[in-house]
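Data block for data03.cif (mmCIF, C-alpha atoms and all ligand atoms):
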data_data
loop_
_atom_site.label_atom_id
_atom_site.label_comp_id
_atom_site.auth_asym_id
_atom_site.auth_seq_id
_atom_site.Cartn_x
_atom_site.Cartn_y
_atom_site.Cartn_z
CA MET A 847 0.00 0.00 0.00
CA SER A 848 1.39 3.41 -0.86
CA THR A 849 0.88 6.57 1.17
CA LEU A 850 0.14 10.14 0.22
CA TYR A 851 1.37 12.39 3.02
CA VAL A 852 -0.13 15.89 3.14
CA VAL A 853 2.66 17.77 4.89
CA ALA A 854 2.51 21.23 6.47
CA THR A 855 5.65 23.35 5.99
CA PRO A 856 6.79 26.71 7.45
CA ILE A 857 4.95 29.99 6.76
CA GLY A 858 8.18 32.01 6.84
CA ASN A 859 10.62 30.85 9.47
CA LEU A 860 12.18 27.65 8.13
CA GLU A 861 12.62 26.30 11.67
CA ASP A 862 8.84 25.89 11.96
CA ILE A 863 8.64 22.33 10.74
CA THR A 864 8.03 19.19 12.76
CA LEU A 865 10.59 16.42 13.19
CA ARG A 866 8.02 14.05 11.70
CA ALA A 867 7.56 16.24 8.61
CA ILE A 868 11.34 16.29 8.05
CA ARG A 869 11.53 12.51 8.41
CA ILE A 870 8.67 11.97 5.99
CA LEU A 871 10.10 14.38 3.39
CA ARG A 872 13.35 12.45 3.69
CA ASP A 873 11.67 9.03 3.35
CA VAL A 874 9.13 9.49 0.54
CA ASP A 875 9.90 8.62 -3.07
CA ALA A 876 8.98 12.07 -4.41
CA ILE A 877 7.51 15.39 -3.28
CA LEU A 878 4.65 17.17 -5.03
CA CYS A 879 5.07 20.91 -4.59
CA GLU A 880 3.82 24.25 -5.95
CA ASP A 881 7.05 26.06 -6.77
CA THR A 882 10.05 23.75 -6.94
CA ARG A 883 12.41 26.67 -6.06
CA VAL A 884 10.54 27.39 -2.80
CA THR A 885 10.50 23.74 -1.73
CA ALA A 886 14.13 23.27 -2.80
CA LYS A 887 15.13 26.00 -0.32
CA LEU A 888 13.41 24.16 2.53
CA LEU A 889 14.93 20.83 1.51
CA GLN A 890 18.36 22.40 1.25
CA LYS A 891 18.16 23.63 4.85
CA TYR A 892 17.46 20.08 6.04
CA GLU A 893 19.90 18.48 3.58
CA ILE A 894 17.19 16.48 1.84
CA GLN A 895 17.64 15.50 -1.78
CA LYS A 896 14.44 14.39 -3.41
CA THR A 897 12.65 14.29 -6.74
CA LEU A 898 10.29 17.28 -6.93
CA ILE A 899 7.15 17.22 -9.05
CA SER A 900 5.41 20.57 -9.50
CA TYR A 901 1.71 20.43 -8.84
CA HIS A 902 -0.86 23.27 -9.09
CA SER A 903 -4.61 23.44 -8.79
CA HIS A 904 -4.64 24.00 -12.60
CA SER A 905 -2.22 21.13 -13.28
CA LYS A 906 -3.05 19.20 -16.43
CA LEU A 907 -4.64 15.77 -16.32
CA SER A 908 -1.33 14.26 -17.49
CA LYS A 909 0.31 15.53 -14.28
CA VAL A 910 -2.44 14.06 -12.13
CA GLU A 911 -2.13 10.77 -14.02
CA LYS A 912 1.61 10.77 -13.35
CA VAL A 913 0.82 11.09 -9.63
CA PHE A 914 -1.62 8.19 -9.94
CA GLU A 915 1.05 6.08 -11.68
CA PHE A 916 3.46 6.70 -8.80
CA LEU A 917 0.84 5.63 -6.29
CA GLU A 918 -0.18 2.58 -8.33
CA ALA A 919 3.47 1.56 -8.42
CA GLY A 920 3.40 1.47 -4.63
CA LYS A 921 5.46 4.64 -4.15
CA ASP A 922 4.99 7.03 -1.25
CA LEU A 923 4.46 10.71 -2.04
CA ALA A 924 4.40 13.90 0.02
CA LEU A 925 2.25 16.85 -0.98
CA VAL A 926 3.45 20.27 0.21
CA SER A 927 2.54 23.84 -0.70
CA ASP A 928 4.80 26.90 -0.80
CA ALA A 929 3.92 27.69 2.82
CA GLY A 930 1.71 26.34 5.56
CA THR A 931 -0.82 23.55 5.30
CA PRO A 932 -1.65 22.21 1.83
CA CYS A 933 -5.32 22.43 0.79
CA ILE A 934 -6.01 25.37 3.16
CA SER A 935 -6.48 28.12 0.55
CA ASP A 936 -3.79 26.22 -1.33
CA PRO A 937 -3.65 23.59 -4.09
CA GLY A 938 -4.15 19.94 -3.31
CA VAL A 939 -7.84 19.58 -2.52
CA MET A 940 -8.74 18.07 -5.90
CA LEU A 941 -5.80 15.70 -5.76
CA VAL A 942 -6.54 14.47 -2.25
CA SER A 943 -10.19 14.08 -3.12
CA GLN A 944 -9.42 12.17 -6.35
CA VAL A 945 -6.91 9.88 -4.62
CA ARG A 946 -9.43 9.23 -1.86
CA GLU A 947 -12.09 8.37 -4.42
CA LYS A 948 -10.00 6.38 -6.89
CA PHE A 949 -7.58 4.54 -4.60
CA SER A 950 -9.42 4.24 -1.31
CA ASP A 951 -8.33 0.61 -0.90
CA MET A 952 -4.70 0.99 -1.99
CA VAL A 953 -3.50 4.44 -0.94
CA LYS A 954 -3.42 5.67 2.61
CA ILE A 955 -3.78 9.44 3.03
CA VAL A 956 -1.96 10.84 6.04
CA ALA A 957 -2.20 14.48 7.17
CA VAL A 958 1.02 15.68 8.81
CA PRO A 959 0.10 18.73 10.90
CA GLY A 960 2.14 21.90 11.26
CA PRO A 961 1.93 25.63 10.61
CA SER A 962 -1.05 27.38 9.10
CA ALA A 963 -1.22 31.19 8.93
CA VAL A 964 -4.84 31.39 10.10
CA ILE A 965 -4.18 29.31 13.23
CA SER A 966 -0.98 31.18 14.13
CA ALA A 967 -2.76 34.50 13.61
CA LEU A 968 -5.70 33.53 15.81
CA SER A 969 -3.43 32.13 18.51
CA GLY A 970 -1.57 35.43 18.80
CA SER A 971 -4.59 37.70 18.36
CA GLY A 972 -6.19 37.41 21.77
CA LEU A 973 -9.57 37.10 20.07
CA PRO A 974 -12.06 34.38 21.08
CA SER A 975 -11.12 31.42 18.90
CA SER A 976 -12.78 28.34 20.29
CA GLU A 977 -15.22 28.98 17.46
CA PHE A 978 -14.33 31.00 14.40
CA LEU A 979 -15.31 31.45 10.78
CA PHE A 980 -12.49 31.22 8.22
CA LEU A 981 -13.21 32.63 4.77
CA GLY A 982 -9.89 32.05 3.01
CA PHE A 983 -9.39 34.70 0.30
CA LEU A 984 -12.44 36.88 -0.27
CA PRO A 985 -13.82 37.06 -3.82
CA HIS A 986 -12.70 40.18 -5.68
CA LYS A 987 -16.08 41.03 -7.14
CA LYS A 988 -19.11 38.74 -7.09
CA GLY A 989 -20.46 38.13 -3.61
CA ARG A 990 -17.92 40.40 -1.93
CA GLU A 991 -20.40 42.89 -0.50
CA THR A 992 -22.63 40.09 0.80
CA LEU A 993 -19.64 38.52 2.49
CA PHE A 994 -18.74 41.78 4.25
CA LYS A 995 -22.31 42.03 5.48
CA GLU A 996 -21.99 38.46 6.79
CA ILE A 997 -18.70 39.32 8.50
CA ALA A 998 -20.42 42.27 10.16
CA SER A 999 -23.32 40.19 11.44
CA SER A 1000 -21.43 36.99 12.28
CA GLY A 1001 -21.68 35.62 15.77
CA ARG A 1002 -18.07 34.46 15.66
CA THR A 1003 -14.57 35.81 15.16
CA VAL A 1004 -14.04 35.94 11.39
CA ALA A 1005 -10.62 35.42 9.80
CA PHE A 1006 -9.58 35.80 6.18
CA TYR A 1007 -6.45 36.00 4.06
CA GLU A 1008 -5.58 39.19 2.22
CA SER A 1009 -2.84 40.34 -0.12
CA PRO A 1010 -0.96 43.64 0.25
CA HIS A 1011 -2.63 44.87 -2.95
CA ARG A 1012 -6.09 44.50 -1.47
CA ILE A 1013 -5.65 45.08 2.26
CA ILE A 1014 -6.65 48.76 2.06
CA LYS A 1015 -9.71 47.87 -0.01
CA ALA A 1016 -10.70 45.24 2.57
CA LEU A 1017 -10.33 47.76 5.40
CA GLU A 1018 -12.42 50.30 3.48
CA SER A 1019 -15.18 47.69 3.13
CA LEU A 1020 -14.93 46.90 6.86
CA GLN A 1021 -15.12 50.62 7.58
CA LYS A 1022 -18.35 50.72 5.58
CA PHE A 1023 -19.99 47.52 6.83
CA ALA A 1024 -18.48 46.99 10.28
CA PRO A 1025 -17.28 50.41 11.49
CA GLU A 1026 -17.44 49.59 15.21
CA LYS A 1027 -15.75 46.20 15.15
CA LYS A 1028 -12.32 45.50 16.59
CA ILE A 1029 -9.98 44.16 13.93
CA VAL A 1030 -6.64 42.46 14.45
CA ILE A 1031 -4.22 42.15 11.55
CA ALA A 1032 -1.38 39.62 11.71
CA ARG A 1033 1.33 40.60 9.25
CA GLU A 1034 4.42 38.66 8.21
CA LEU A 1035 4.02 35.97 10.88
CA THR A 1036 7.25 34.20 11.88
CA LYS A 1037 9.30 36.62 9.74
CA ILE A 1038 11.55 39.60 10.58
CA TYR A 1039 8.81 42.23 10.33
CA GLU A 1040 6.13 40.18 12.10
CA GLU A 1041 3.50 42.34 13.81
CA PHE A 1042 -0.01 42.32 15.19
CA ILE A 1043 -1.91 45.58 14.67
CA GLU A 1044 -5.35 46.22 16.12
CA GLY A 1045 -8.05 48.85 16.00
CA THR A 1046 -11.23 49.71 14.17
CA ALA A 1047 -11.10 49.83 10.37
CA THR A 1048 -10.78 53.63 10.51
CA GLU A 1049 -7.88 53.40 12.97
CA LEU A 1050 -6.12 50.77 10.87
CA LEU A 1051 -6.54 52.81 7.68
CA ALA A 1052 -4.96 55.76 9.51
CA HIS A 1053 -2.15 53.46 10.66
CA PHE A 1054 -1.36 52.32 7.11
CA GLU A 1055 -1.55 55.88 5.82
CA LYS A 1056 1.08 56.80 8.41
CA HIS A 1057 3.20 53.68 7.70
CA PRO A 1058 2.79 52.96 3.98
CA ASP A 1059 6.00 50.93 4.04
CA THR A 1060 4.10 48.26 6.02
CA ILE A 1061 1.54 47.64 3.26
CA ARG A 1062 3.60 44.70 2.10
CA GLY A 1063 4.08 41.05 2.92
CA GLU A 1064 1.35 38.66 3.99
CA PHE A 1065 -1.73 39.41 6.03
CA VAL A 1066 -4.37 37.60 8.03
CA VAL A 1067 -7.32 39.81 8.95
CA MET A 1068 -9.44 38.92 11.98
CA VAL A 1069 -12.68 40.62 12.92
CA ALA A 1070 -13.96 40.37 16.49
CA ASN A 1071 -17.62 40.58 17.21
CA ASP A 1072 -19.65 41.44 20.22
CA ARG A 1073 -21.17 38.02 20.83
CA THR A 1074 -17.84 36.21 20.98
CA ARG A 1075 -16.37 39.02 23.08
CA GLU A 1076 -19.32 38.85 25.46
CA GLN A 1077 -19.04 35.07 25.66
CA SER A 1078 -15.34 35.17 26.42
CA SER A 1079 -15.73 37.83 29.11
CA ASN A 1080 -18.64 35.87 30.64
CA LYS A 1081 -16.48 32.74 30.72
CA THR A 1082 -13.63 34.71 32.31
CA THR A 1083 -16.02 36.13 34.92
CA GLN A 1084 -17.35 32.63 35.63
CA ALA A 1085 -13.80 31.29 35.95
CA ILE A 1086 -12.91 34.07 38.38
CA LYS A 1087 -16.07 33.35 40.46
CA GLN A 1088 -15.15 29.67 40.64
N1 LIG B 1 -1.97 27.08 3.16
C1 LIG B 1 -1.44 28.26 3.78
C2 LIG B 1 -1.65 28.16 5.29
O1 LIG B 1 -1.98 27.07 5.77
O2 LIG B 1 -1.43 29.13 5.99
C3 LIG B 1 -2.08 29.53 3.22
C4 LIG B 1 -1.72 29.75 1.78
S1 LIG B 1 -2.48 31.11 1.03
C5 LIG B 1 -2.05 30.82 -0.65
C6 LIG B 1 -1.38 32.42 1.39
C7 LIG B 1 -2.00 33.46 2.31
O3 LIG B 1 -1.87 33.02 3.66
C8 LIG B 1 -1.29 34.80 2.25
O4 LIG B 1 -1.80 35.62 1.21
C9 LIG B 1 -1.61 35.39 3.61
O5 LIG B 1 -2.90 35.93 3.63
C10 LIG B 1 -1.57 34.12 4.49
N2 LIG B 1 -0.21 33.94 5.01
C11 LIG B 1 0.70 33.02 4.62
N3 LIG B 1 1.85 33.16 5.32
C12 LIG B 1 1.65 34.20 6.16
C13 LIG B 1 2.46 34.84 7.12
N4 LIG B 1 3.72 34.47 7.35
N5 LIG B 1 1.93 35.89 7.82
C14 LIG B 1 0.66 36.29 7.61
N6 LIG B 1 -0.15 35.72 6.70
C15 LIG B 1 0.34 34.69 5.98
#

Please rewrite the model in this file as structure tokens.
Amino acid sequence: MSTLYVVATPIGNLEDITLRAIRILRDVDAILCEDTRVTAKLLQKYEIQKTLISYHSHSKLSKVEKVFEFLEAGKDLALVSDAGTPCISDPGVMLVSQVREKFSDMVKIVAVPGPSAVISALSGSGLPSSEFLFLGFLPHKKGRETLFKEIASSGRTVAFYESPHRIIKALESLQKFAPEKKIVIARELTKIYEEFIEGTATELLAHFEKHPDTIRGEFVVMVANDRTREQSSNKTTQAIKQ
């Protein structure tokens, strides 16, 4: 039986990888990755030499068939993305789903946990996170306004990914649809310029106007809401009473 390992890799700092992930990357027959140059850098740090097969969400059928051939031949493969956990706003979902469907009795699928930007962002945000709504990347046009209305009325902390080109636009929408909400932005997690910035949308827009040099890198945006804040303060009060 062959195995397809879905392996989480660092989101910036190359030390953020588990011992198990390193062992698996060392042991598999080949690694499926997004950008071979990015994965090569990681492998170089851990002195791993391995066949790399590039794989994207728009990969041609021939590429997918090549992956199937590997698995049918009893070989073990690891699937990684450029950063973080594969399939979480990253390529791989179709592949994992097809392998699960086509080879359920001859390929074992193993998820190897590790970093994911949304989880790291929430863990450092101080926002209630026992329940949260993750939206990945927001659509650029269709459905965008509806989604911002949903964010504004959600009963849970909402997290989404945003690029530096669109972060101001996202904050302007939040200013329009959720002007009172507390927002926490996690930027460049695990990297040199890592920071958490918080405030209302208006305050954050003023911040970026003052520090335009920080409108770069990678962002996770988290929106708090009253219900989750109330719940967390109630729980804290209860804990104090006990
Ligand atoms: N699969 C990845 C994960 O598990 O985190 C996410 C991949 S998605 C293509 C890339 C987006 O994740 C970026 O645009 C950014 O919003 C977020 N992201 C990735 N690395 C980050 C970091 N170091 N700091 C903040 N956000 C990050």

(request) Name the residues, by chain letter and number, that sit within 8 Å of ligand LIG 1 (chain B) using all atoms listed in the file, and give them as number ranges by chain. (result) A: 854, 857-858, 927-936, 961-965, 967, 982-983, 1006-1009, 1032-1037, 1040, 1063-1067

(request) Please identify all polymer residues within 10 Å of Thr1048 of chain A, counting all atoms listed in the file, omitting same-chain residues fewer than 4 positions from it, and present them as a ChimeraX atom specification. (result) /A:1017-1018,1020-1022,1025-1026,1052-1053

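Atom pair atom CA of Val1069 of chain A / atom CA of Tyr1039 of chain A: separated by 21.7 Å.
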
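Closest approach to Glu991 of chain A among A:Leu1051, A:Phe1023, A:Ile1013, A:Asp922 is made by A:Phe1023 (distances from only C-alpha atoms).
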
(message) Neighbouring residues of Ser971 of chain A were defined as those with any atom within 10 Å, considering all atoms listed in the file; residues of the same chain fewer than 3 positions away were excluded. Please report them as a ChimeraX atom specification.
(response) /A:965-968,974-975,1029-1032,1042-1044,1068,1070

(request) Please check which residues have atoms at most 8 Å from (11.8, 21.7, -5.2) in the file's coordinates, counting all atoms listed in the file, and write them as a ChimeraX atom specification. (result) /A:877,879,881-887,889,896-900

(request) Could you check which of A:Ala1016, A:Met847, A:Leu984, A:Val1004 is closest to Ala919 of chain A, using all atoms listed in the file? (result)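 Going through A:Ala1016, A:Met847, A:Leu984, A:Val1004 one by one, the smallest distance to Ala919 of chain A is for A:Met847.
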
(message) What's the separation between atom CA of Asp1059 of chain A and atom CA of Lys1015 of chain A, in Å to one decimal place?
(response)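 Distance reported for this atom pair: 16.5 Å.
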
(message) Set the distance at 10 Å and use only C-alpha atoms: which residues neighbour Tyr892 of chain A once local chain neighbours fewer than 2 positions away are removed? I'd like the list as an NGL selection string.
(response) :A and (860-861 or 868-869 or 871-872 or 886-890 or 894-895)

(message) Please report the interatomic distance between atom CA of Asn1071 of chain A and atom CA of Lys987 of chain A in Å with one decimal.
(response) 24.4 Å

(message) I want to know what sits within 12 Å of Arg866 of chain A, based on only C-alpha atoms, with residues of the same chain fewer than 2 positions away left out; could you give that as a ChimeraX atom specification?
(response) /A:851-855,862-864,868-873,956-960

(message) Between A:Leu941, A:Leu907, A:Leu878, A:Val913, which residue has the minimum interatomic distance to Leu925 of chain A, considering only C-alpha atoms?
(response)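 Closest to Leu925 of chain A of all the choices is A:Leu878.
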
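For the choices A:Lys1028, A:Pro1010, A:Ser969, A:His904, the atom-to-atom distance to Ile1061 of chain A is smallest for A:Pro1010 when using all atoms listed in the file.
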
(request) Kindly indicate which residue among A:Val910, A:Met952, A:Leu850, A:Leu923 lies nearest to Met940 of chain A, using only C-alpha atoms for the distances. (result) A:Val910

(request) Choose the residue, out of A:Ile955, A:Ala924, A:Ile997, A:Ala876, that has the smallest atom-to-atom separation from Lys1027 of chain A; count only C-alpha atoms. (result) A:Ile997

(message) Residues near Ser999 of chain A, anyone? I mean within 10 Å using only C-alpha atoms, not counting same-chain ones fewer than 2 positions away, as an MDAnalysis selection string.
(response) chainID A and resid 993:997 1001:1002 1023:1024 1071:1073

(request) Give as a list in words the set of residues within 10 Å of the point (-17.2, 26.9, 11.6), where distances use the file's coordinates and all atoms listed in the file. (result)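 Protein, DNA and RNA residues close to (-17.2, 26.9, 11.6): Ser976, Glu977, Phe978, Leu979, Phe980, Leu981, Arg1002, Thr1003 and Val1004 of chain A.
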
Kindly export the residues of the current selection with C-alpha atoms, as a JSON list (two decimals), keeping the file's coordinate frame.
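Saved to selection08.json:
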[["chain", "number", "residue", "atom", "x", "y", "z"],
["A", 976, "SER", "CA", -12.78, 28.34, 20.29],
["A", 977, "GLU", "CA", -15.22, 28.98, 17.46],
["A", 978, "PHE", "CA", -14.33, 31.00, 14.40],
["A", 979, "LEU", "CA", -15.31, 31.45, 10.78],
["A", 980, "PHE", "CA", -12.49, 31.22, 8.22],
["A", 981, "LEU", "CA", -13.21, 32.63, 4.77],
["A", 1002, "ARG", "CA", -18.07, 34.46, 15.66],
["A", 1003, "THR", "CA", -14.57, 35.81, 15.16],
["A", 1004, "VAL", "CA", -14.04, 35.94, 11.39]]
